[in-house]
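Here is the structure we will look at, set down as structure tokens.
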Amino acid sequence: MTIKDWIYLGITIASYLLAIIAGVYAKDKAKINRATKSGQIMDTLGKLATYAVHEAEHTGMENEDKRKYASEVINQGLKWFGITDVTPTLIDGAIEKAVNAMHLANDDSEPADEIKQDVPASDVVQPPVIEDKPAENGDSNVK
């Protein structure tokens, strides 16, 4: 083998190793992110925001007051956990994400009015009728 072949072989092996490492990282990315300090803070912030938004929903306040209430609850929770370096922008983003998730989870929307109306029987699509015919060779189990 020439030096050129050895270089190509090294590049090929390095590519395979890089692909394997990237695959393992992608598979365990969620675990790695939660294991880091910033990942733990973001996870805690998300959980606090979910709790605060659900609690604020039952207070009967206006939307802006609910947002302020949820922000105060999150700040109190973060101080209780000893987390101090969270910006108001991150808190607002976590609240927004929790509100959207809550609305998606509680979405019991009715079907559109067009769907509720009675449709004439002639306009309803029916599945095709399959008739069982015996096979020509006398085997009745074959369709």
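Labeling convention for the structure tokens: chains A, B, ... as they appear, residues from 1 per chain, ligands from 1 in order of appearance.
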
Would you mind listing, for every residue of stretch 8-71 of chain A within 6 Å of stretch 94-101 of chain A, the two atoms forming the shortest contact and the distance between them in Å to one decimal, using only C-alpha atoms, sorted by chain and ascending residue number, as a tab-separated table?
```
residue	atom	partner	partner_atom	distance
A:Gly46	CA	A:Ala94	CA	5.8
A:Ala49	CA	A:Ile95	CA	5.3
A:Thr50	CA	A:Ala98	CA	5.1
```

Would you mind exporting N, CA and C atoms of the selected residues as a CSV table (one decimal), in the first residue's frame?
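Now in out_37.csv:
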```csv
chain,number,residue,atom,x,y,z
A,46,GLY,N,-38.3,25.5,33.7
A,46,GLY,CA,-39.5,25.0,32.9
A,46,GLY,C,-40.5,24.4,33.8
A,49,ALA,N,-42.2,27.2,35.8
A,49,ALA,CA,-43.1,28.0,34.9
A,49,ALA,C,-44.4,27.2,34.7
A,50,THR,N,-44.3,25.9,34.5
A,50,THR,CA,-45.5,25.1,34.3
A,50,THR,C,-46.4,25.2,35.6
```

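Proximity to A:Tyr51 was assessed for A:Ser38, A:Gln126, A:Ser71, A:Asn63 counting only C-alpha atoms; the smallest distance is recorded for A:Ser71.
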
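With distances taken over only C-alpha atoms, A:Leu45 is the one residue among A:Leu45, A:Thr36, A:Arg67, A:Thr12 lying closest to A:Thr84.
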